[in-house]
Amino acid sequence: MKLLPKFLTSAALAVGLAMPAFAQDPFKVGFIYVGTPGDYGWTYEHDQARLAVEATYGDAVETVYLESVPEGADAERSITQMILGGADMIFTTSFGYGEATNAVAARFPDVYFEHATGYMREHANVSTYNARFYEGRAVLGHIAGQMTESNIIGYIGSYPIPEVIQGINSAFLHARAVNPDVEFRVVWAYTWFDPAIEADAAQALIDAGADVIMQHTDSTAPQTVAQEAGIISFGQASDMIQFAPRPRVASIIDNWAPYYIRRVGEAMNGTWTQSDIWEGMPEGMVVIGELTEAIPAEVRASAQEMIDALKAGTYHPFTGPINKQDGSPWLAAGEVADDGTLLGMNFYVEGITGDIPN
Amino acid sequence: MIVDPVTLMVALITVATPVLLAAIGELVVEKAGVLNLGVEGMMIMGAVCGFVVAHHSGSAAVGFAAGMAGGAALAMLFAVLTQLLMANQVASGLALTLFGLGLAALIGVGYGGRDLPAVYRPFPEVWHDIAVIGPIVFSHSALVYVALLLVVAVWLVLTRTRIGLVLRAVGENHDAAHALGYKVVRIRIAAILFGGACAGLGGAFLSVVRVQNWLEGMTAGAGWIALALVVFAAWKPWRVLLGAWLFGGIAALQLRLQAAEVGVPVALLDASPYLITIIVLVIISSDRSRAALNAPAMLGRIFHTSG
Amino acid sequence: MIALEKRPQPARGWVIGAPLLAVVLTMIAGGIMFAALGKDPVGAIRIIFWDPLFSEQFSGYSRPQLLVKAGPLILIAIGLSLGFRAGIWNIGAEGQYIVGALCGAAFGLAFWPSTHPLIFPGMVLAGLLGGVLWAMIPALLRVYARTNEILVSLLLVYVAEAMLASAATGWLRNPEGAGFPGSRNLARHAGTDNPELIAGTGMHWGVLAAFVAVIMAYVIMTRHVLGYQIRLAGQAPRAARFGGVNAGRLVILCMGVSGALAGMAGLFEVAGPAGRISIDFNVGYGFTAIIVAFLGRLNPIGILLAGLLLALTFIGGELAQLMLGIPAPAIQAFQGMLLFFLLALDVLANYRVKLKRRVAA
């Protein structure tokens, strides 16, 4: 992350040249958060990106945010009030804001809307963006599969939705690829954020024999439990670097800053067009945090190779042959999963023993 | 065996501790005839104060003291409202939760991810390895034992001492207690402060021991479970302990059953701690020989005397 | 020293004056807090209390939103107030709200994509019955197994939340939603929608139902024998029993009514403002309504005003976050202060403050 300030200054210079020199009203960008920036996970990273937008454009932009906005009726009101308050562009940073975003977009055709992790774009002024978290999960699975001694990897899921299932499948495939004996145990917490339950879930997995914990929930609680048990874990959403070098041996970071800076810039200079992007490691939207010394050198090297391949776009984590859990073929040898199937993923791949709820 | 009973026991004791601390405090409050629904707010205040002070002082014990002070400070607000200004207890308690959640978040800004002193475990490391009883009995952090001692102490004080007698008298009939010359309001304020301190300690356990981090909203409803436990326990200390272990045990068990991949719907497992608690309570309370519901007669009622 | 003397009747002037004084005191205390946070206190107070109602920039939108936000709070609180008066503690309205929404939505989705005019009334009925059903569990357990209704109704909230999550990710999931969680949108489909009845007012069927409930509750409490029984059961349970009040019947009736109204509130919300079943559909209306009920002194008119006041602080508080960058927790603390002052100053209506000399014993 040390590179970030340097990158930001250069971006600021580049954009600064493109900006009109005379003073005018700042371009107002609003953010709707589902949690609080103090969660040190999902919302924290969106807020970091907001701050990066401010740092990049200086006085030319003004940002506002509303935190802990419930999805549904309240979101629609929050977005509308934000626009009445002068916002020119709105980022809604959770899947559940999709309907509200589009409903408001219909009433304010001059405002730019960016909706995270959704699929609804009913009006020309709504774009959606999402990150290919499963790319990062592949690297974590690769590391986990080689570092486990019990051959049991524990995975804390939030809700059984496609994004989470993609992650489980991707991590599992890459753990299996390097360790044919590895097994996954999945526990569903049925919450995105409840430190006590997340801690209990981690403990339950450890007691079931897991010596690696992966999580798709937002708090740092599982890290603490992993630390006490002397096993390893991975930072989720944010770097969680305070738990390095152990238990946190690597992390999957949501890095929204480049996208937010780019889109705000485009909106300001009038080149913004509707888009639906699903970016991953090549674009830097998904970043793997520092691989610590706790990882054996040769594993670190092979993980780095995988990171490089993913970044270069030469490797897709879902490349056949892959069978579904029931043994039926999904992808033929060399075939790559299409985005539609991934986005609606509701099945496990072959080798995972549990069932997806419902 | 699908689930290892030893680790399950260890887990349920840990899971139960914060709720147990808060519930035993609330029990004393309710025994004095006061219903404070603000447990969640006092817990989160304890969590933030405990964390901040433990971080700065480098001592978990000082942090726990601060957690208790934080919970008690918020409880004082409730005491002033309900005992001196005769405000409605149910609404004041709910308002306390709202206020506590907000205030705690304001205090905790910037503290997430700060480092903490190590957790103190009173028994020597080698004892932890004794078969079965080692992990179950000796492996816990100090506060777990404090919570258990507190249950015993509350039980002794309530049933064996004069203080307990007076407290129960105030909760059963405040007019009679007043007529006998007891200071009803002062006794209730003391009970409310004790309840706040216990809730705060439960919150501090979460932030300093269990999660070892400050996260906004981290109590996530534990205060409500504590309130439910007091009712579940029919205002008996040892049954609070039983209830906390039952609830914590099922919560820990359902996660283990998921990990063991048993074929029970996860949604059902997720709801099981609540469902089973209800079922157990129904069985207990429909037993005809225990006809009385045991609720302190004056619970939630306003005491006032125009002396 | 200062002593309080109970008034035989609440003082008329203070019944109105105390809440006004409470708001003024909240403005002062809140202003100090905002100033301590480095924010403009006068501006913050103006934005919270004035702008949603009267500012040119916001009021056109905020005023109708006030009704949207207050509607479910009032509807639920009215139902709860009947039970609270009788000493029946349903604190699980949040669960009844969820189950009402689930049942109502399931009914509408069962006939999808029909737009038959009877579908929406059927959904309302299903929502109502869902709420009643969920409330009947604690009610019947209290009557027949003497199980405490506080505990059962509260724990059933968590069970309802588990059902909601499984519905949103499973049995009510939108089959055309590409695997994403959440049901079809009911609000955007003629036949299942709960529309704005008069454009630009925020008035939907649920808000209308809330107003009707206020009037009905007022009539019942002041004119009907049931109101008398409820008051008697709450104030003197023994007298009520000797007076021929059937305690069990009263529990079932009060729990049933509060469950019905909470269930309807859930249905109106899911078919209107929220639009669909999602994992986080419930946002705490059932719990906030308890505060509204007591803030309104369990009186229908008081509940109406309390619901609107709380809605105002939600919406105004949001504007203050937006316009002045006041953090959300500060707004939460501010709301807490407002409640404290409102509750504390009730003392002025019910008691006379007297200075008296300490008499030697």
# chains A, B, ... in the order shown; residues from 1 in each chain; ligands from 1

call {"tool": "residues_around", "arguments": {"residues": "B:Glu172", "least_positions_apart": "5", "cutoff": "12 Å", "atoms": "only C-alpha atoms", "output": "list in words"}}
result
Glu30, Lys31, Ala32, Gly33, Val34, Leu165, Val166, Leu167, Ala177, His178, Val184, Asn294, Ala295, Pro296, Ala297, Met298, Leu299, Gly300, Arg301 and Phe303 of chain B

call {"tool": "write_last_selection", "arguments": {"atoms": "C-alpha atoms", "output": "compact mmCIF listing (two decimals), in the first residue's frame"}}
result
# COMPACT_ATOMS: atom_id res chain seq x y z
CA GLU B 30 -35.16 -6.71 38.16
CA LYS B 31 -35.12 -8.27 41.62
CA ALA B 32 -35.19 -4.71 42.93
CA GLY B 33 -38.32 -4.15 40.85
CA VAL B 34 -36.75 -2.22 37.99
CA LEU B 165 -33.65 -9.63 51.73
CA VAL B 166 -34.05 -5.88 51.57
CA LEU B 167 -33.48 -5.88 47.82
CA ALA B 177 -40.38 -1.70 52.26
CA HIS B 178 -40.67 2.07 52.48
CA VAL B 184 -36.35 2.35 48.15
CA ASN B 294 -41.68 -15.54 40.05
CA ALA B 295 -41.54 -12.10 38.49
CA PRO B 296 -40.87 -9.49 41.16
CA ALA B 297 -44.27 -8.01 41.85
CA MET B 298 -43.16 -4.40 41.44
CA LEU B 299 -41.25 -5.00 38.19
CA GLY B 300 -41.40 -1.87 36.06
CA ARG B 301 -43.67 0.00 38.49
CA PHE B 303 -42.32 4.14 43.22

call {"tool": "interface_residues", "arguments": {"of": "chain A", "to": "chain C", "cutoff": "7 Å", "atoms": "only C-alpha atoms", "output": "PyMOL selection string"}}
result
chain A and resi 64-67+70-73+82+84-85+160-162+344-346+358

call {"tool": "write_last_selection", "arguments": {"atoms": "C-alpha atoms", "output": "compact mmCIF listing (two decimals), in the first residue's frame"}}
result
# COMPACT_ATOMS: atom_id res chain seq x y z
CA VAL A 64 -20.54 13.19 1.18
CA TYR A 65 -21.63 9.86 2.56
CA LEU A 66 -24.41 8.29 4.56
CA GLU A 67 -23.53 5.24 6.62
CA PRO A 70 -30.84 0.10 5.30
CA GLU A 71 -31.59 -1.44 1.94
CA GLY A 72 -35.07 -0.81 0.56
CA ALA A 73 -37.26 2.21 1.27
CA MET A 82 -28.39 13.37 -1.28
CA LEU A 84 -31.51 17.34 -3.41
CA GLY A 85 -28.50 18.30 -1.34
CA PRO A 160 -25.62 -18.67 0.34
CA ILE A 161 -25.56 -16.21 -2.56
CA PRO A 162 -23.65 -16.51 -5.87
CA GLY A 344 -25.77 -16.79 -10.87
CA MET A 345 -23.65 -19.57 -9.45
CA ASN A 346 -25.77 -21.75 -7.19
CA ASN A 358 -31.97 -24.38 0.10

call {"tool": "interface_residues", "arguments": {"of": "chain B", "to": "chain C", "cutoff": "6 Å", "atoms": "only C-alpha atoms", "output": "ChimeraX atom specification"}}
result
/B:81,85,87,91,95,98-99,102-103,105,228,267,271,274,282,285-286,306

call {"tool": "interface_residues", "arguments": {"of": "chain B", "to": "chain A", "cutoff": "8 Å", "atoms": "only C-alpha atoms", "output": "PDB file with C-alpha atoms, in the first residue's frame"}}
result
ATOM      1  CA  VAL B   3     -19.094 -33.286  17.421  1.00  0.00           C
ATOM      2  CA  ASP B   4     -16.344 -33.403  20.011  1.00  0.00           C
ATOM      3  CA  THR B   7     -14.315 -28.603  22.637  1.00  0.00           C
ATOM      4  CA  ALA B  11     -16.789 -23.155  23.382  1.00  0.00           C
ATOM      5  CA  VAL B  15     -19.874 -18.060  24.157  1.00  0.00           C
ATOM      6  CA  VAL B 109     -13.673   6.537  16.350  1.00  0.00           C
ATOM      7  CA  GLY B 110     -10.158   5.626  15.272  1.00  0.00           C
ATOM      8  CA  GLY B 112     -10.482  -0.112  15.548  1.00  0.00           C
ATOM      9  CA  GLY B 113      -7.464  -2.334  14.997  1.00  0.00           C
ATOM     10  CA  LEU B 206     -16.357  -9.125  23.993  1.00  0.00           C
ATOM     11  CA  ARG B 210     -13.288 -12.471  22.598  1.00  0.00           C
ATOM     12  CA  VAL B 211     -12.917 -10.306  19.520  1.00  0.00           C
ATOM     13  CA  GLN B 212      -9.884  -8.281  20.662  1.00  0.00           C
ATOM     14  CA  ASN B 213     -10.912  -5.352  18.554  1.00  0.00           C
ATOM     15  CA  LEU B 215     -15.940  -2.601  15.984  1.00  0.00           C
ATOM     16  CA  GLU B 216     -18.978  -0.367  15.834  1.00  0.00           C
ATOM     17  CA  MET B 218     -20.100  -5.247  17.855  1.00  0.00           C
ATOM     18  CA  THR B 219     -22.510  -6.434  20.554  1.00  0.00           C
ATOM     19  CA  ALA B 220     -24.970  -7.157  17.733  1.00  0.00           C
ATOM     20  CA  ALA B 252     -22.017 -23.478  19.514  1.00  0.00           C
ATOM     21  CA  LEU B 255     -22.229 -24.242  14.079  1.00  0.00           C
ATOM     22  CA  ARG B 256     -20.467 -27.551  14.786  1.00  0.00           C
ATOM     23  CA  GLN B 258     -22.876 -27.341  10.117  1.00  0.00           C
ATOM     24  CA  ALA B 259     -19.153 -27.995  10.102  1.00  0.00           C
ATOM     25  CA  ALA B 260     -19.856 -31.716  10.445  1.00  0.00           C
ATOM     26  CA  GLU B 261     -22.144 -31.479   7.399  1.00  0.00           C
ATOM     27  CA  PRO B 265     -31.445 -27.322   6.972  1.00  0.00           C
ATOM     28  CA  VAL B 266     -29.084 -24.513   7.929  1.00  0.00           C
ATOM     29  CA  ALA B 267     -31.933 -22.029   8.413  1.00  0.00           C
ATOM     30  CA  ASP B 270     -29.588 -20.994  12.678  1.00  0.00           C
TER      31      ASP B 270
END

call {"tool": "residues_around", "arguments": {"residues": "B:Leu20", "least_positions_apart": "2", "cutoff": "7 Å", "atoms": "only C-alpha atoms", "output": "ChimeraX atom specification"}}
result
/B:16-18,22-24,226,241,244

call {"tool": "write_last_selection", "arguments": {"atoms": "N, CA and C atoms", "output": "PDB file, in the first residue's frame"}}
result
ATOM      1  N   ALA B  16     -21.025 -18.205  26.296  1.00  0.00           N
ATOM      2  CA  ALA B  16     -22.026 -17.791  27.272  1.00  0.00           C
ATOM      3  C   ALA B  16     -21.574 -16.619  28.142  1.00  0.00           C
ATOM      4  N   THR B  17     -20.256 -16.424  28.282  1.00  0.00           N
ATOM      5  CA  THR B  17     -19.769 -15.494  29.297  1.00  0.00           C
ATOM      6  C   THR B  17     -20.281 -14.048  29.180  1.00  0.00           C
ATOM      7  N   PRO B  18     -20.169 -13.380  28.016  1.00  0.00           N
ATOM      8  CA  PRO B  18     -20.635 -11.991  27.993  1.00  0.00           C
ATOM      9  C   PRO B  18     -22.122 -11.861  28.314  1.00  0.00           C
ATOM     10  N   ALA B  22     -23.949  -9.937  31.657  1.00  0.00           N
ATOM     11  CA  ALA B  22     -24.997  -8.926  31.526  1.00  0.00           C
ATOM     12  C   ALA B  22     -26.282  -9.399  32.192  1.00  0.00           C
ATOM     13  N   ALA B  23     -26.588 -10.687  32.055  1.00  0.00           N
ATOM     14  CA  ALA B  23     -27.857 -11.200  32.576  1.00  0.00           C
ATOM     15  C   ALA B  23     -27.864 -11.230  34.105  1.00  0.00           C
ATOM     16  N   ILE B  24     -26.748 -11.580  34.709  1.00  0.00           N
ATOM     17  CA  ILE B  24     -26.735 -11.664  36.167  1.00  0.00           C
ATOM     18  C   ILE B  24     -26.894 -10.259  36.769  1.00  0.00           C
ATOM     19  N   ALA B 226     -29.462 -11.367  26.792  1.00  0.00           N
ATOM     20  CA  ALA B 226     -29.300 -11.308  28.244  1.00  0.00           C
ATOM     21  C   ALA B 226     -30.645 -11.038  28.921  1.00  0.00           C
ATOM     22  N   LEU B 241     -27.402 -19.034  34.851  1.00  0.00           N
ATOM     23  CA  LEU B 241     -26.221 -19.768  34.405  1.00  0.00           C
ATOM     24  C   LEU B 241     -26.624 -20.913  33.472  1.00  0.00           C
ATOM     25  N   ALA B 244     -27.809 -19.496  30.149  1.00  0.00           N
ATOM     26  CA  ALA B 244     -26.710 -18.987  29.332  1.00  0.00           C
ATOM     27  C   ALA B 244     -25.945 -20.143  28.694  1.00  0.00           C
TER      28      ALA B 244
END

call {"tool": "select_by_dssp", "arguments": {"residues": "stretch 288-323 of chain A", "states": "alpha helix (DSSP H)", "output": "MDAnalysis selection string"}}
result
chainID A and resid 297:312

call {"tool": "write_last_selection", "arguments": {"atoms": "N, CA and C atoms", "output": "compact mmCIF listing (two decimals), in the first residue's frame"}}
result
# COMPACT_ATOMS: atom_id res chain seq x y z
N ALA A 297 8.71 -20.53 1.44
CA ALA A 297 9.21 -19.76 0.30
C ALA A 297 8.71 -20.29 -1.03
N GLU A 298 8.70 -21.63 -1.18
CA GLU A 298 8.31 -22.15 -2.50
C GLU A 298 6.82 -21.95 -2.76
N VAL A 299 6.02 -21.96 -1.69
CA VAL A 299 4.59 -21.69 -1.85
C VAL A 299 4.39 -20.23 -2.22
N ARG A 300 5.16 -19.39 -1.56
CA ARG A 300 5.06 -17.96 -1.86
C ARG A 300 5.39 -17.71 -3.33
N ALA A 301 6.42 -18.42 -3.79
CA ALA A 301 6.84 -18.23 -5.19
C ALA A 301 5.75 -18.70 -6.15
N SER A 302 5.16 -19.87 -5.87
CA SER A 302 4.15 -20.36 -6.80
C SER A 302 2.88 -19.51 -6.71
N ALA A 303 2.59 -19.00 -5.51
CA ALA A 303 1.43 -18.11 -5.38
C ALA A 303 1.67 -16.84 -6.17
N GLN A 304 2.90 -16.35 -6.09
CA GLN A 304 3.23 -15.13 -6.84
C GLN A 304 3.07 -15.36 -8.34
N GLU A 305 3.46 -16.56 -8.78
CA GLU A 305 3.29 -16.89 -10.21
C GLU A 305 1.82 -16.84 -10.59
N MET A 306 0.98 -17.40 -9.71
CA MET A 306 -0.45 -17.39 -10.00
C MET A 306 -0.98 -15.96 -10.02
N ILE A 307 -0.51 -15.16 -9.06
CA ILE A 307 -0.93 -13.75 -9.03
C ILE A 307 -0.55 -13.07 -10.33
N ASP A 308 0.67 -13.33 -10.78
CA ASP A 308 1.14 -12.69 -12.01
C ASP A 308 0.28 -13.11 -13.20
N ALA A 309 -0.04 -14.42 -13.24
CA ALA A 309 -0.84 -14.92 -14.36
C ALA A 309 -2.24 -14.32 -14.34
N LEU A 310 -2.81 -14.21 -13.13
CA LEU A 310 -4.14 -13.62 -13.01
C LEU A 310 -4.12 -12.16 -13.40
N LYS A 311 -3.07 -11.48 -12.97
CA LYS A 311 -2.96 -10.05 -13.29
C LYS A 311 -2.80 -9.84 -14.79
N ALA A 312 -2.05 -10.75 -15.38
CA ALA A 312 -1.80 -10.62 -16.83
C ALA A 312 -3.02 -11.04 -17.64

call {"tool": "atom_distance", "arguments": {"atom1": "atom CA of B:Lys236", "atom2": "atom CA of B:His140"}}
result
24.9 Å

call {"tool": "residues_around", "arguments": {"residues": "A:Ser275", "least_positions_apart": "5", "cutoff": "10 Å", "atoms": "only C-alpha atoms", "output": "PyMOL selection string"}}
result
chain A and resi 114+121+124-129

call {"tool": "write_last_selection", "arguments": {"atoms": "all heavy atoms", "output": "PDB file, in the first residue's frame"}}
result
ATOM      1  N   GLU A 114     -23.714   4.922  -9.872  1.00  0.00           N
ATOM      2  CA  GLU A 114     -22.831   3.760  -9.939  1.00  0.00           C
ATOM      3  C   GLU A 114     -23.279   2.803  -8.834  1.00  0.00           C
ATOM      4  O   GLU A 114     -23.255   3.144  -7.658  1.00  0.00           O
ATOM      5  CB  GLU A 114     -21.375   4.181  -9.676  1.00  0.00           C
ATOM      6  CG  GLU A 114     -20.786   5.101 -10.739  1.00  0.00           C
ATOM      7  CD  GLU A 114     -20.258   4.331 -11.944  1.00  0.00           C
ATOM      8  OE1 GLU A 114     -20.180   3.090 -11.859  1.00  0.00           O
ATOM      9  OE2 GLU A 114     -19.927   4.982 -12.953  1.00  0.00           O
ATOM     10  N   ARG A 121     -29.630  -2.165 -14.642  1.00  0.00           N
ATOM     11  CA  ARG A 121     -29.299  -0.894 -15.287  1.00  0.00           C
ATOM     12  C   ARG A 121     -30.478  -0.499 -16.167  1.00  0.00           C
ATOM     13  O   ARG A 121     -30.455  -0.675 -17.368  1.00  0.00           O
ATOM     14  CB  ARG A 121     -28.036  -1.024 -16.150  1.00  0.00           C
ATOM     15  CG  ARG A 121     -26.758  -1.208 -15.385  1.00  0.00           C
ATOM     16  CD  ARG A 121     -25.603  -1.514 -16.306  1.00  0.00           C
ATOM     17  NE  ARG A 121     -25.905  -2.658 -17.158  1.00  0.00           N
ATOM     18  CZ  ARG A 121     -25.837  -3.931 -16.747  1.00  0.00           C
ATOM     19  NH1 ARG A 121     -25.456  -4.216 -15.544  1.00  0.00           N
ATOM     20  NH2 ARG A 121     -26.165  -4.910 -17.579  1.00  0.00           N
ATOM     21  N   ALA A 124     -30.218   5.001 -18.621  1.00  0.00           N
ATOM     22  CA  ALA A 124     -28.921   5.240 -19.243  1.00  0.00           C
ATOM     23  C   ALA A 124     -27.914   5.841 -18.278  1.00  0.00           C
ATOM     24  O   ALA A 124     -26.710   5.816 -18.536  1.00  0.00           O
ATOM     25  CB  ALA A 124     -29.103   6.160 -20.453  1.00  0.00           C
ATOM     26  N   ASN A 125     -28.382   6.393 -17.175  1.00  0.00           N
ATOM     27  CA  ASN A 125     -27.458   7.028 -16.237  1.00  0.00           C
ATOM     28  C   ASN A 125     -27.059   6.111 -15.085  1.00  0.00           C
ATOM     29  O   ASN A 125     -26.531   6.562 -14.080  1.00  0.00           O
ATOM     30  CB  ASN A 125     -28.064   8.328 -15.684  1.00  0.00           C
ATOM     31  CG  ASN A 125     -29.449   8.118 -15.089  1.00  0.00           C
ATOM     32  OD1 ASN A 125     -30.146   7.160 -15.432  1.00  0.00           O
ATOM     33  ND2 ASN A 125     -29.849   9.005 -14.201  1.00  0.00           N
ATOM     34  N   VAL A 126     -27.352   4.808 -15.215  1.00  0.00           N
ATOM     35  CA  VAL A 126     -26.958   3.859 -14.173  1.00  0.00           C
ATOM     36  C   VAL A 126     -25.899   2.899 -14.708  1.00  0.00           C
ATOM     37  O   VAL A 126     -26.112   2.248 -15.732  1.00  0.00           O
ATOM     38  CB  VAL A 126     -28.152   3.022 -13.678  1.00  0.00           C
ATOM     39  CG1 VAL A 126     -27.707   2.088 -12.557  1.00  0.00           C
ATOM     40  CG2 VAL A 126     -29.278   3.920 -13.217  1.00  0.00           C
ATOM     41  N   SER A 127     -24.788   2.832 -14.034  1.00  0.00           N
ATOM     42  CA  SER A 127     -23.783   1.815 -14.340  1.00  0.00           C
ATOM     43  C   SER A 127     -23.687   0.855 -13.167  1.00  0.00           C
ATOM     44  O   SER A 127     -24.030   1.209 -12.042  1.00  0.00           O
ATOM     45  CB  SER A 127     -22.413   2.463 -14.565  1.00  0.00           C
ATOM     46  OG  SER A 127     -22.372   3.093 -15.812  1.00  0.00           O
ATOM     47  N   THR A 128     -23.224  -0.348 -13.437  1.00  0.00           N
ATOM     48  CA  THR A 128     -22.963  -1.280 -12.348  1.00  0.00           C
ATOM     49  C   THR A 128     -21.504  -1.696 -12.408  1.00  0.00           C
ATOM     50  O   THR A 128     -20.887  -1.710 -13.478  1.00  0.00           O
ATOM     51  CB  THR A 128     -23.849  -2.532 -12.445  1.00  0.00           C
ATOM     52  OG1 THR A 128     -23.753  -3.049 -13.762  1.00  0.00           O
ATOM     53  CG2 THR A 128     -25.292  -2.210 -12.130  1.00  0.00           C
ATOM     54  N   TYR A 129     -20.969  -1.998 -11.257  1.00  0.00           N
ATOM     55  CA  TYR A 129     -19.586  -2.455 -11.203  1.00  0.00           C
ATOM     56  C   TYR A 129     -19.472  -3.520 -10.146  1.00  0.00           C
ATOM     57  O   TYR A 129     -20.218  -3.538  -9.173  1.00  0.00           O
ATOM     58  CB  TYR A 129     -18.639  -1.289 -10.909  1.00  0.00           C
ATOM     59  CG  TYR A 129     -18.880  -0.595  -9.597  1.00  0.00           C
ATOM     60  CD1 TYR A 129     -18.109  -0.887  -8.480  1.00  0.00           C
ATOM     61  CD2 TYR A 129     -19.891   0.364  -9.481  1.00  0.00           C
ATOM     62  CE1 TYR A 129     -18.335  -0.248  -7.274  1.00  0.00           C
ATOM     63  CE2 TYR A 129     -20.123   1.001  -8.281  1.00  0.00           C
ATOM     64  CZ  TYR A 129     -19.345   0.705  -7.179  1.00  0.00           C
ATOM     65  OH  TYR A 129     -19.573   1.338  -5.986  1.00  0.00           O
TER      66      TYR A 129
END
